[in-house]
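> What follows is protein-v2.pdb; its format and atoms are PDB, C-alpha atoms, pLDDT in the B column.
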```
MODEL        1
ATOM      1  CA  MET F 366       3.721   5.461 -15.565  1.00 58.00           C
ATOM      2  CA  ALA F 367       1.910   8.779 -15.347  1.00 57.00           C
ATOM      3  CA  SER F 368      -1.354   6.950 -16.032  1.00 63.00           C
ATOM      4  CA  LEU F 369      -1.014   5.277 -12.620  1.00 64.00           C
ATOM      5  CA  LEU F 370      -1.288   8.668 -10.953  1.00 72.00           C
ATOM      6  CA  GLY F 371      -4.792   9.907 -10.326  1.00 77.00           C
ATOM      7  CA  GLU F 372      -5.708  13.565  -9.921  1.00 85.00           C
ATOM      8  CA  LYS F 373      -5.398  13.194  -6.151  1.00 89.00           C
ATOM      9  CA  LEU F 374      -1.987  11.865  -5.105  1.00 91.00           C
ATOM     10  CA  PHE F 375      -2.571  11.882  -1.356  1.00 91.00           C
ATOM     11  CA  GLU F 376      -5.218  12.897   1.181  1.00 94.00           C
ATOM     12  CA  ILE F 377      -5.429  12.699   4.951  1.00 96.00           C
ATOM     13  CA  SER F 378      -7.771  14.199   7.547  1.00 96.00           C
ATOM     14  CA  GLY F 379      -7.562  14.575  11.281  1.00 94.00           C
ATOM     15  CA  GLN F 380      -7.981  16.653  14.390  1.00 93.00           C
ATOM     16  CA  GLY F 381      -5.358  19.168  15.403  1.00 90.00           C
ATOM     17  CA  PRO F 382      -3.137  18.606  18.437  1.00 88.00           C
ATOM     18  CA  ALA F 383      -4.640  19.194  21.907  1.00 85.00           C
ATOM     19  CA  PRO F 384      -6.106  21.410  23.209  1.00 86.00           C
ATOM     20  CA  SER F 385      -7.371  22.384  19.737  1.00 84.00           C
ATOM     21  CA  LYS F 386     -10.499  20.712  18.415  1.00 86.00           C
ATOM     22  CA  ASP F 387      -9.936  22.076  14.909  1.00 90.00           C
ATOM     23  CA  PHE F 388     -10.338  19.659  12.026  1.00 94.00           C
ATOM     24  CA  TYR F 389      -7.832  19.518   9.153  1.00 96.00           C
ATOM     25  CA  ASN F 390      -7.841  18.038   5.677  1.00 97.00           C
ATOM     26  CA  PHE F 391      -4.570  17.850   3.758  1.00 97.00           C
ATOM     27  CA  GLU F 392      -4.590  17.020   0.063  1.00 97.00           C
ATOM     28  CA  ILE F 393      -1.926  16.774  -2.616  1.00 96.00           C
ATOM     29  CA  THR F 394      -3.094  16.874  -6.225  1.00 94.00           C
ATOM     30  CA  ARG F 395      -0.978  16.605  -9.360  1.00 91.00           C
ATOM     31  CA  ASN F 396       0.062  20.249  -9.170  1.00 91.00           C
ATOM     32  CA  GLU F 397      -0.807  21.743  -5.783  1.00 96.00           C
ATOM     33  CA  VAL F 398      -0.981  21.233  -2.041  1.00 97.00           C
ATOM     34  CA  ILE F 399      -4.197  22.141  -0.187  1.00 97.00           C
ATOM     35  CA  LEU F 400      -4.636  22.432   3.587  1.00 97.00           C
ATOM     36  CA  ASN F 401      -8.191  23.032   4.834  1.00 96.00           C
ATOM     37  CA  ARG F 402      -8.901  23.958   8.447  1.00 94.00           C
ATOM     38  CA  TRP F 403     -12.286  24.013  10.151  1.00 92.00           C
ATOM     39  CA  THR F 404     -12.296  25.911  13.424  1.00 86.00           C
ATOM     40  CA  ILE F 405     -14.263  24.049  16.087  1.00 83.00           C
ATOM     41  CA  SER F 406     -15.346  26.368  18.866  1.00 79.00           C
ATOM     42  CA  MET F 407     -18.212  26.827  21.298  1.00 77.00           C
ATOM     43  CA  ARG F 408     -18.222  30.565  20.675  1.00 77.00           C
ATOM     44  CA  LEU F 409     -21.239  31.863  18.828  1.00 77.00           C
ATOM     45  CA  GLU F 410     -19.184  34.126  16.538  1.00 74.00           C
ATOM     46  CA  ASN F 411     -17.365  31.055  15.147  1.00 70.00           C
ATOM     47  CA  LYS F 412     -20.547  29.122  14.431  1.00 74.00           C
ATOM     48  CA  PHE F 413     -20.890  30.047  10.755  1.00 76.00           C
ATOM     49  CA  ARG F 414     -17.232  30.626   9.957  1.00 79.00           C
ATOM     50  CA  PRO F 415     -16.187  28.906   6.723  1.00 85.00           C
ATOM     51  CA  PRO F 416     -13.074  26.735   6.636  1.00 87.00           C
ATOM     52  CA  LYS F 417      -9.733  28.356   5.977  1.00 93.00           C
ATOM     53  CA  GLN F 418      -7.919  27.055   2.953  1.00 96.00           C
ATOM     54  CA  GLN F 419      -4.250  27.325   2.079  1.00 96.00           C
ATOM     55  CA  ARG F 420      -3.259  26.434  -1.479  1.00 96.00           C
ATOM     56  CA  SER F 421       0.312  26.188  -2.618  1.00 96.00           C
ATOM     57  CA  THR F 422       2.203  24.969  -5.665  1.00 96.00           C
ATOM     58  CA  PHE F 423       4.773  22.236  -5.129  1.00 96.00           C
ATOM     59  CA  SER F 424       7.698  24.630  -5.410  1.00 96.00           C
ATOM     60  CA  ASN F 425       6.112  27.079  -2.941  1.00 96.00           C
ATOM     61  CA  PHE F 426       5.262  24.275  -0.495  1.00 96.00           C
ATOM     62  CA  LEU F 427       8.881  23.126  -0.512  1.00 96.00           C
ATOM     63  CA  LEU F 428       9.893  26.648   0.584  1.00 96.00           C
ATOM     64  CA  ASP F 429       6.963  27.453   2.932  1.00 96.00           C
ATOM     65  CA  LYS F 430       8.230  26.427   6.393  1.00 97.00           C
ATOM     66  CA  GLN F 431       5.046  27.636   8.129  1.00 96.00           C
ATOM     67  CA  LEU F 432       2.799  25.397   6.030  1.00 96.00           C
ATOM     68  CA  GLN F 433       5.229  22.506   6.524  1.00 96.00           C
ATOM     69  CA  ASP F 434       5.120  23.083  10.300  1.00 96.00           C
ATOM     70  CA  ASP F 435       1.305  23.061  10.224  1.00 94.00           C
ATOM     71  CA  VAL F 436       1.302  19.718   8.384  1.00 96.00           C
ATOM     72  CA  SER F 437       3.919  18.286  10.743  1.00 96.00           C
ATOM     73  CA  ASN F 438       2.095  19.448  13.901  1.00 95.00           C
ATOM     74  CA  VAL F 439      -1.242  17.985  12.825  1.00 95.00           C
ATOM     75  CA  PHE F 440      -0.274  14.833  10.916  1.00 96.00           C
ATOM     76  CA  GLY F 441       3.273  14.083  12.052  1.00 95.00           C
ATOM     77  CA  GLU F 442       6.776  14.140  10.663  1.00 96.00           C
ATOM     78  CA  LYS F 443       6.328  11.015   8.502  1.00 95.00           C
ATOM     79  CA  ILE F 444       3.403  12.566   6.631  1.00 95.00           C
ATOM     80  CA  LEU F 445       5.424  15.743   6.103  1.00 96.00           C
ATOM     81  CA  ASP F 446       8.380  13.745   4.740  1.00 95.00           C
ATOM     82  CA  TYR F 447       6.079  11.784   2.439  1.00 93.00           C
ATOM     83  CA  SER F 448       4.440  15.016   1.252  1.00 95.00           C
ATOM     84  CA  LEU F 449       7.781  16.663   0.546  1.00 96.00           C
ATOM     85  CA  SER F 450       8.825  13.566  -1.368  1.00 94.00           C
ATOM     86  CA  LEU F 451       5.672  13.688  -3.526  1.00 93.00           C
ATOM     87  CA  CYS F 452       6.220  17.388  -4.205  1.00 94.00           C
ATOM     88  CA  GLN F 453       9.743  16.593  -5.388  1.00 94.00           C
ATOM     89  CA  GLY F 454       8.359  14.072  -7.889  1.00 90.00           C
ATOM     90  CA  HIS F 455       9.207  10.895  -5.976  1.00 90.00           C
ATOM     91  CA  TYR F 456       6.006   8.915  -6.561  1.00 83.00           C
ATOM     92  CA  ASP F 457       5.255   5.546  -5.009  1.00 81.00           C
ATOM     93  CA  TYR F 458       4.204   3.757  -8.179  1.00 78.00           C
ATOM     94  CA  LEU F 459       4.268   0.301  -6.609  1.00 78.00           C
ATOM     95  CA  ASP F 460       1.446   1.220  -4.225  1.00 76.00           C
ATOM     96  CA  ARG F 461      -0.632   2.562  -7.117  1.00 77.00           C
ATOM     97  CA  ILE F 462      -0.556  -0.561  -9.299  1.00 83.00           C
ATOM     98  CA  GLN F 463      -3.847  -2.472  -9.515  1.00 86.00           C
ATOM     99  CA  ASP F 464      -4.026  -5.675  -7.485  1.00 89.00           C
ATOM    100  CA  ASP F 465      -4.453  -7.998 -10.492  1.00 89.00           C
ATOM    101  CA  LEU F 466      -1.370  -6.593 -12.202  1.00 89.00           C
ATOM    102  CA  LEU F 467       0.626  -6.719  -8.985  1.00 89.00           C
ATOM    103  CA  LEU F 468      -0.336 -10.375  -8.451  1.00 89.00           C
ATOM    104  CA  LYS F 469       0.796 -11.135 -12.005  1.00 88.00           C
ATOM    105  CA  ILE F 470       4.145  -9.424 -11.347  1.00 86.00           C
ATOM    106  CA  MET F 471       4.510 -11.290  -8.040  1.00 86.00           C
ATOM    107  CA  SER F 472       3.969 -14.605  -9.822  1.00 82.00           C
ATOM    108  CA  PHE F 473       7.422 -14.222 -11.400  1.00 84.00           C
ATOM    109  CA  LEU F 474       9.092 -14.179  -7.974  1.00 85.00           C
ATOM    110  CA  GLN F 475      10.172 -17.247  -6.064  1.00 86.00           C
ATOM    111  CA  LEU F 476       7.829 -18.153  -3.230  1.00 82.00           C
ATOM    112  CA  LYS F 477      10.298 -17.163  -0.506  1.00 87.00           C
ATOM    113  CA  ASP F 478      10.678 -13.724  -2.141  1.00 89.00           C
ATOM    114  CA  ARG F 479       6.903 -13.312  -2.168  1.00 86.00           C
ATOM    115  CA  PHE F 480       6.860 -13.866   1.585  1.00 85.00           C
ATOM    116  CA  VAL F 481       9.545 -11.217   2.028  1.00 91.00           C
ATOM    117  CA  LEU F 482       7.403  -8.882  -0.080  1.00 87.00           C
ATOM    118  CA  ALA F 483       4.453  -9.598   2.235  1.00 88.00           C
ATOM    119  CA  GLN F 484       6.396  -7.929   5.050  1.00 91.00           C
ATOM    120  CA  LEU F 485       6.823  -4.709   3.058  1.00 85.00           C
ATOM    121  CA  SER F 486       3.422  -3.168   3.772  1.00 85.00           C
ATOM    122  CA  LYS F 487      -0.126  -3.937   4.857  1.00 89.00           C
ATOM    123  CA  ARG F 488      -1.225  -3.987   1.229  1.00 89.00           C
ATOM    124  CA  PHE F 489       1.352  -6.603   0.218  1.00 89.00           C
ATOM    125  CA  ASN F 490       0.536  -8.635   3.319  1.00 91.00           C
ATOM    126  CA  MET F 491      -3.145  -8.561   2.364  1.00 92.00           C
ATOM    127  CA  LEU F 492      -2.328  -9.570  -1.226  1.00 91.00           C
ATOM    128  CA  CYS F 493      -0.028 -12.409  -0.163  1.00 89.00           C
ATOM    129  CA  ASN F 494      -2.755 -13.811   2.083  1.00 88.00           C
ATOM    130  CA  SER F 495      -5.544 -13.460  -0.483  1.00 91.00           C
ATOM    131  CA  GLU F 496      -7.256 -16.436  -2.101  1.00 91.00           C
ATOM    132  CA  LYS F 497      -6.310 -15.104  -5.545  1.00 92.00           C
ATOM    133  CA  PHE F 498      -2.601 -15.129  -4.594  1.00 90.00           C
ATOM    134  CA  TRP F 499      -2.780 -18.733  -3.385  1.00 89.00           C
ATOM    135  CA  GLU F 500      -4.804 -19.792  -6.420  1.00 88.00           C
ATOM    136  CA  LEU F 501      -2.113 -18.383  -8.730  1.00 88.00           C
ATOM    137  CA  THR F 502       0.610 -19.969  -6.597  1.00 86.00           C
ATOM    138  CA  VAL F 503      -0.968 -23.426  -6.785  1.00 86.00           C
ATOM    139  CA  LYS F 504      -1.836 -23.201 -10.482  1.00 86.00           C
ATOM    140  CA  ASN F 505       1.514 -21.774 -11.607  1.00 83.00           C
ATOM    141  CA  ASP F 506       4.060 -23.212  -9.178  1.00 81.00           C
ATOM    142  CA  CYS F 507       2.872 -26.700  -8.308  1.00 82.00           C
ATOM    143  CA  PRO F 508       3.719 -29.255 -11.008  1.00 82.00           C
ATOM    144  CA  ASP F 509       1.389 -31.881  -9.480  1.00 84.00           C
ATOM    145  CA  TYR F 510      -1.659 -29.606  -9.763  1.00 84.00           C
ATOM    146  CA  HIS F 511      -4.421 -30.828 -12.069  1.00 82.00           C
ATOM    147  CA  THR F 512      -7.530 -28.935 -13.138  1.00 82.00           C
ATOM    148  CA  ASP F 513      -9.750 -31.610 -11.582  1.00 83.00           C
ATOM    149  CA  MET F 514      -8.447 -30.452  -8.168  1.00 85.00           C
ATOM    150  CA  GLU F 515     -10.002 -27.015  -8.621  1.00 87.00           C
ATOM    151  CA  ASP F 516     -13.351 -27.833  -6.982  1.00 86.00           C
ATOM    152  CA  LEU F 517     -11.565 -29.265  -3.957  1.00 87.00           C
ATOM    153  CA  ALA F 518      -9.338 -26.201  -3.743  1.00 86.00           C
ATOM    154  CA  LYS F 519     -12.336 -23.876  -3.935  1.00 87.00           C
ATOM    155  CA  ALA F 520     -14.048 -25.786  -1.132  1.00 89.00           C
ATOM    156  CA  MET F 521     -10.983 -26.030   1.124  1.00 90.00           C
ATOM    157  CA  GLY F 522      -9.414 -22.728   0.190  1.00 90.00           C
ATOM    158  CA  TRP F 523      -6.359 -22.329  -2.021  1.00 88.00           C
ATOM    159  CA  LYS F 524      -3.957 -21.653   0.842  1.00 88.00           C
ATOM    160  CA  VAL F 525      -5.041 -24.784   2.718  1.00 88.00           C
ATOM    161  CA  THR F 526      -4.794 -26.757  -0.526  1.00 87.00           C
ATOM    162  CA  TYR F 527      -1.242 -25.549  -1.080  1.00 86.00           C
ATOM    163  CA  PHE F 528      -0.036 -26.430   2.411  1.00 85.00           C
ATOM    164  CA  THR F 529      -1.947 -29.742   2.461  1.00 85.00           C
ATOM    165  CA  PHE F 530      -0.928 -31.155  -0.913  1.00 84.00           C
ATOM    166  CA  PHE F 531       2.045 -29.276  -2.303  1.00 82.00           C
ATOM    167  CA  HIS F 532       4.181 -27.788   0.453  1.00 76.00           C
ATOM    168  CA  ASN F 533       6.734 -30.055   2.068  1.00 73.00           C
ATOM    169  CA  ASP F 534       8.892 -27.799   4.256  1.00 59.00           C
ATOM    170  CA  GLY F 535      11.352 -26.673   1.597  1.00 53.00           C
ATOM    171  CA  THR F 536      12.292 -30.140   0.420  1.00 45.00           C
ATOM    172  CA  ASN F 537      11.972 -30.826  -3.281  1.00 43.00           C
ATOM    173  CA  HIS F 538       9.825 -27.792  -4.115  1.00 44.00           C
ATOM    174  CA  ASN F 539      10.168 -26.280  -7.579  1.00 46.00           C
ATOM    175  CA  ASP F 540       9.919 -22.560  -8.197  1.00 50.00           C
ATOM    176  CA  HIS F 541       7.799 -21.153 -11.018  1.00 47.00           C
ATOM    177  CA  ASN F 542      10.563 -21.819 -13.589  1.00 49.00           C
ATOM    178  CA  GLY F 543      10.850 -25.497 -12.683  1.00 50.00           C
ATOM    179  CA  ASN F 544      14.162 -25.007 -10.889  1.00 53.00           C
ATOM    180  CA  ASP F 545      14.741 -27.146  -7.845  1.00 50.00           C
ATOM    181  CA  THR F 546      14.935 -24.909  -4.758  1.00 48.00           C
ATOM    182  CA  THR F 547      15.807 -27.731  -2.387  1.00 45.00           C
ATOM    183  CA  SER F 548      18.443 -26.798   0.135  1.00 43.00           C
ATOM    184  CA  LYS F 549      20.942 -29.634   0.132  1.00 41.00           C
ATOM    185  CA  GLY F 550      22.946 -30.131   3.277  1.00 42.00           C
ATOM    186  CA  THR F 551      26.120 -32.078   3.793  1.00 40.00           C
ATOM    187  CA  GLU F 552      25.727 -35.596   5.043  1.00 37.00           C
TER     188      GLU F 552
ENDMDL
END
```
Turn this file's structure into structure tokens for me.

Amino acid sequence: MASLLGEKLFEISGQGPAPSKDFYNFEITRNEVILNRWTISMRLENKFRPPKQQRSTFSNFLLDKQLQDDVSNVFGEKILDYSLSLCQGHYDYLDRIQDDLLLKIMSFLQLKDRFVLAQLSKRFNMLCNSEKFWELTVKNDCPDYHTDMEDLAKAMGWKVTYFTFFHNDGTNHNDHNGNDTTSKGTE
């Protein structure tokens, strides 16, 4: 799992809270936290001032309330919480997996579970609406799919192909294991 982590775990940039015009860059690498600050001022004496940089190890960052306050004031409480979580070793591996591998993993889920996953984040929403996702869905989950339909699907789009030819509002649709997912009501 460590191979999923790059050298840079997280980075964000932004302007400080008003009335400050200072610019900040916050970065978390595998072993340290770095906060850079560029002072933006109309004063001549500040014209050639280099950025200030604060470096801290994870353990020191977890104890340094002043640095935590700086991060919170500039980037917000959610970014601070996420940063503290990273420094404690709680990595978000799911967001770091390559798209092709994630699509392969998603192909083992039932279709309704994939749609729930699409609501998890912008990335999953983008993946679940991608042509590659719908191509895999049609090819793997639709028993009536034939390879001679591929040109039509490429022309129409895989999502349109799925909803035109294979989706029938939850009635008699098989999941990827061939199990009937039809909801049977009482008559």
> Could you spell out the hits of the PyMOL selection byres ((chain F and resi 370) around 12) on the shown file, as an MDAnalysis selection string?
chainID F and resid 366:369 371:375 393:396 451 454:463
> Go ahead and dump the residues you just picked, C-alpha atoms, as an mmCIF file, keeping the file's coordinate frame.

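Dumped everything to result23.cif:
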```
data_model
loop_
_atom_site.group_PDB
_atom_site.id
_atom_site.type_symbol
_atom_site.label_atom_id
_atom_site.label_comp_id
_atom_site.auth_asym_id
_atom_site.auth_seq_id
_atom_site.Cartn_x
_atom_site.Cartn_y
_atom_site.Cartn_z
ATOM 1 C CA MET F 366 3.721 5.461 -15.565
ATOM 2 C CA ALA F 367 1.910 8.779 -15.347
ATOM 3 C CA SER F 368 -1.354 6.950 -16.032
ATOM 4 C CA LEU F 369 -1.014 5.277 -12.620
ATOM 5 C CA GLY F 371 -4.792 9.907 -10.326
ATOM 6 C CA GLU F 372 -5.708 13.565 -9.921
ATOM 7 C CA LYS F 373 -5.398 13.194 -6.151
ATOM 8 C CA LEU F 374 -1.987 11.865 -5.105
ATOM 9 C CA PHE F 375 -2.571 11.882 -1.356
ATOM 10 C CA ILE F 393 -1.926 16.774 -2.616
ATOM 11 C CA THR F 394 -3.094 16.874 -6.225
ATOM 12 C CA ARG F 395 -0.978 16.605 -9.360
ATOM 13 C CA ASN F 396 0.062 20.249 -9.170
ATOM 14 C CA LEU F 451 5.672 13.688 -3.526
ATOM 15 C CA GLY F 454 8.359 14.072 -7.889
ATOM 16 C CA HIS F 455 9.207 10.895 -5.976
ATOM 17 C CA TYR F 456 6.006 8.915 -6.561
ATOM 18 C CA ASP F 457 5.255 5.546 -5.009
ATOM 19 C CA TYR F 458 4.204 3.757 -8.179
ATOM 20 C CA LEU F 459 4.268 0.301 -6.609
ATOM 21 C CA ASP F 460 1.446 1.220 -4.225
ATOM 22 C CA ARG F 461 -0.632 2.562 -7.117
ATOM 23 C CA ILE F 462 -0.556 -0.561 -9.299
ATOM 24 C CA GLN F 463 -3.847 -2.472 -9.515
#
```
> Find the residues near F:Leu492: any atom within 9 Å, counting all atoms listed in the file, skip ones fewer than 5 places away on the same chain, and give them as JSON, numbers by chain.
{"F": [464, 467, 468, 483, 487, 497, 498]}
> Which of these residues is nearest to F:Cys452, using all atoms listed in the file: F:Glu376, F:Glu397, F:Asp387, F:Glu515?
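Of all the options, F:Glu397 lies closest to F:Cys452.
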> Evaluate the PyMOL selection byres ((chain F and resi 518) around 12) and record the selected residues as a PDB file with C-alpha atoms, keeping the file's coordinate frame, following the chain and residue labels used in the document.

```
ATOM      1  CA  GLU F 496      -7.256 -16.436  -2.101  1.00 91.00           C
ATOM      2  CA  LYS F 497      -6.310 -15.104  -5.545  1.00 92.00           C
ATOM      3  CA  TRP F 499      -2.780 -18.733  -3.385  1.00 89.00           C
ATOM      4  CA  GLU F 500      -4.804 -19.792  -6.420  1.00 88.00           C
ATOM      5  CA  LEU F 501      -2.113 -18.383  -8.730  1.00 88.00           C
ATOM      6  CA  VAL F 503      -0.968 -23.426  -6.785  1.00 86.00           C
ATOM      7  CA  LYS F 504      -1.836 -23.201 -10.482  1.00 86.00           C
ATOM      8  CA  TYR F 510      -1.659 -29.606  -9.763  1.00 84.00           C
ATOM      9  CA  HIS F 511      -4.421 -30.828 -12.069  1.00 82.00           C
ATOM     10  CA  THR F 512      -7.530 -28.935 -13.138  1.00 82.00           C
ATOM     11  CA  ASP F 513      -9.750 -31.610 -11.582  1.00 83.00           C
ATOM     12  CA  MET F 514      -8.447 -30.452  -8.168  1.00 85.00           C
ATOM     13  CA  GLU F 515     -10.002 -27.015  -8.621  1.00 87.00           C
ATOM     14  CA  ASP F 516     -13.351 -27.833  -6.982  1.00 86.00           C
ATOM     15  CA  LEU F 517     -11.565 -29.265  -3.957  1.00 87.00           C
ATOM     16  CA  LYS F 519     -12.336 -23.876  -3.935  1.00 87.00           C
ATOM     17  CA  ALA F 520     -14.048 -25.786  -1.132  1.00 89.00           C
ATOM     18  CA  MET F 521     -10.983 -26.030   1.124  1.00 90.00           C
ATOM     19  CA  GLY F 522      -9.414 -22.728   0.190  1.00 90.00           C
ATOM     20  CA  TRP F 523      -6.359 -22.329  -2.021  1.00 88.00           C
ATOM     21  CA  LYS F 524      -3.957 -21.653   0.842  1.00 88.00           C
ATOM     22  CA  VAL F 525      -5.041 -24.784   2.718  1.00 88.00           C
ATOM     23  CA  THR F 526      -4.794 -26.757  -0.526  1.00 87.00           C
ATOM     24  CA  TYR F 527      -1.242 -25.549  -1.080  1.00 86.00           C
ATOM     25  CA  PHE F 528      -0.036 -26.430   2.411  1.00 85.00           C
ATOM     26  CA  THR F 529      -1.947 -29.742   2.461  1.00 85.00           C
ATOM     27  CA  PHE F 530      -0.928 -31.155  -0.913  1.00 84.00           C
ATOM     28  CA  PHE F 531       2.045 -29.276  -2.303  1.00 82.00           C
TER      29      PHE F 531
END
```
> May I ask for the distance between atom CA of F:Glu392 and atom CA of F:Arg420, given in Å to one decimal place?
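Atom CA of F:Arg420 lies at a distance of 9.6 Å from atom CA of F:Glu392.
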> Near F:Gln419, counting only C-alpha atoms, which residues have an atom at most 8 Å away, once you skip same-chain residues fewer than 6 positions from it, shown as a list of chain:residue names?
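So the residues in contact are F:Ile399, F:Leu400, F:Asn401.
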> What does the distance from atom CA of F:Gly379 to atom CA of F:Phe391 come to in Å, to one decimal?
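The value is 8.7 Å.
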> Output the residue selection produced by the PyMOL selection byres ((chain F and resi 378) around 6) on the file above, formatted as a compact mmCIF listing (two decimals) with C-alpha atoms, in the coordinates of the input.

```txt
# COMPACT_ATOMS: atom_id res chain seq x y z
CA ILE F 377 -5.43 12.70 4.95
CA GLY F 379 -7.56 14.58 11.28
CA TYR F 389 -7.83 19.52 9.15
CA ASN F 390 -7.84 18.04 5.68
```
> Can you work out the spacing between atom CA of F:Met407 and atom CA of F:Pro384 in Å, to one decimal?
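Here the two named atoms are 13.4 Å from each other.
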> Once you add 3 Å to each side, what are the centre and edge lengths of the axis-aligned box holding all listed atoms of stretch 384-389 of chain F? One decimal in Å, as JSON, if you can.

```
{"center_x": -8.3, "center_y": 21.0, "center_z": 16.2, "size_x": 10.4, "size_y": 8.9, "size_z": 20.1}
```
> Considering all atoms listed in the file, return as a VMD selection string whatever protein or nucleic-acid residues lie within 6 Å of F:Val439, sequence-local ones (same chain, fewer than 3 positions apart) excluded.
chain F and resid 381 to 382 436
> So, counting all atoms listed in the file, which residue among F:Phe440, F:Phe426, F:Phe473, F:Trp403 is closest to F:Asn505?
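Closest to F:Asn505, using all atoms listed in the file: F:Phe473.
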> Missing atoms in stretch 405-418 of chain F should be modelled up to N, CA and C atoms and reported as an mmCIF file, keeping the file's coordinate frame.

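Final file, rebuild_12.cif:
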```cif
data_model
loop_
_atom_site.group_PDB
_atom_site.id
_atom_site.type_symbol
_atom_site.label_atom_id
_atom_site.label_comp_id
_atom_site.auth_asym_id
_atom_site.auth_seq_id
_atom_site.Cartn_x
_atom_site.Cartn_y
_atom_site.Cartn_z
ATOM 1 N N ILE F 405 -13.220 24.605 15.232
ATOM 2 C CA ILE F 405 -14.263 24.049 16.087
ATOM 3 C C ILE F 405 -14.220 24.824 17.399
ATOM 4 N N SER F 406 -15.311 25.528 17.679
ATOM 5 C CA SER F 406 -15.346 26.368 18.866
ATOM 6 C C SER F 406 -16.774 26.453 19.382
ATOM 7 N N MET F 407 -16.897 26.662 20.680
ATOM 8 C CA MET F 407 -18.212 26.827 21.298
ATOM 9 C C MET F 407 -18.697 28.268 21.198
ATOM 10 N N ARG F 408 -17.844 29.158 20.773
ATOM 11 C CA ARG F 408 -18.222 30.565 20.675
ATOM 12 C C ARG F 408 -19.212 30.773 19.536
ATOM 13 N N LEU F 409 -20.183 31.602 19.791
ATOM 14 C CA LEU F 409 -21.239 31.863 18.828
ATOM 15 C C LEU F 409 -20.704 32.535 17.563
ATOM 16 N N GLU F 410 -19.708 33.412 17.712
ATOM 17 C CA GLU F 410 -19.184 34.126 16.538
ATOM 18 C C GLU F 410 -18.442 33.188 15.568
ATOM 19 N N ASN F 411 -18.055 32.013 16.016
ATOM 20 C CA ASN F 411 -17.365 31.055 15.147
ATOM 21 C C ASN F 411 -18.311 30.033 14.515
ATOM 22 N N LYS F 412 -19.593 30.137 14.849
ATOM 23 C CA LYS F 412 -20.547 29.122 14.431
ATOM 24 C C LYS F 412 -20.658 28.994 12.910
ATOM 25 N N PHE F 413 -20.690 30.090 12.200
ATOM 26 C CA PHE F 413 -20.890 30.047 10.755
ATOM 27 C C PHE F 413 -19.628 30.417 9.977
ATOM 28 N N ARG F 414 -18.497 30.284 10.607
ATOM 29 C CA ARG F 414 -17.232 30.626 9.957
ATOM 30 C C ARG F 414 -16.865 29.525 8.952
ATOM 31 N N PRO F 415 -16.573 29.910 7.719
ATOM 32 C CA PRO F 415 -16.187 28.906 6.723
ATOM 33 C C PRO F 415 -14.775 28.384 6.996
ATOM 34 N N PRO F 416 -14.431 27.257 6.424
ATOM 35 C CA PRO F 416 -13.074 26.735 6.636
ATOM 36 C C PRO F 416 -12.033 27.638 5.982
ATOM 37 N N LYS F 417 -10.856 27.631 6.574
ATOM 38 C CA LYS F 417 -9.733 28.356 5.977
ATOM 39 C C LYS F 417 -9.025 27.385 5.041
ATOM 40 N N GLN F 418 -8.587 27.912 3.921
ATOM 41 C CA GLN F 418 -7.919 27.055 2.953
ATOM 42 C C GLN F 418 -6.605 27.686 2.515
#
```
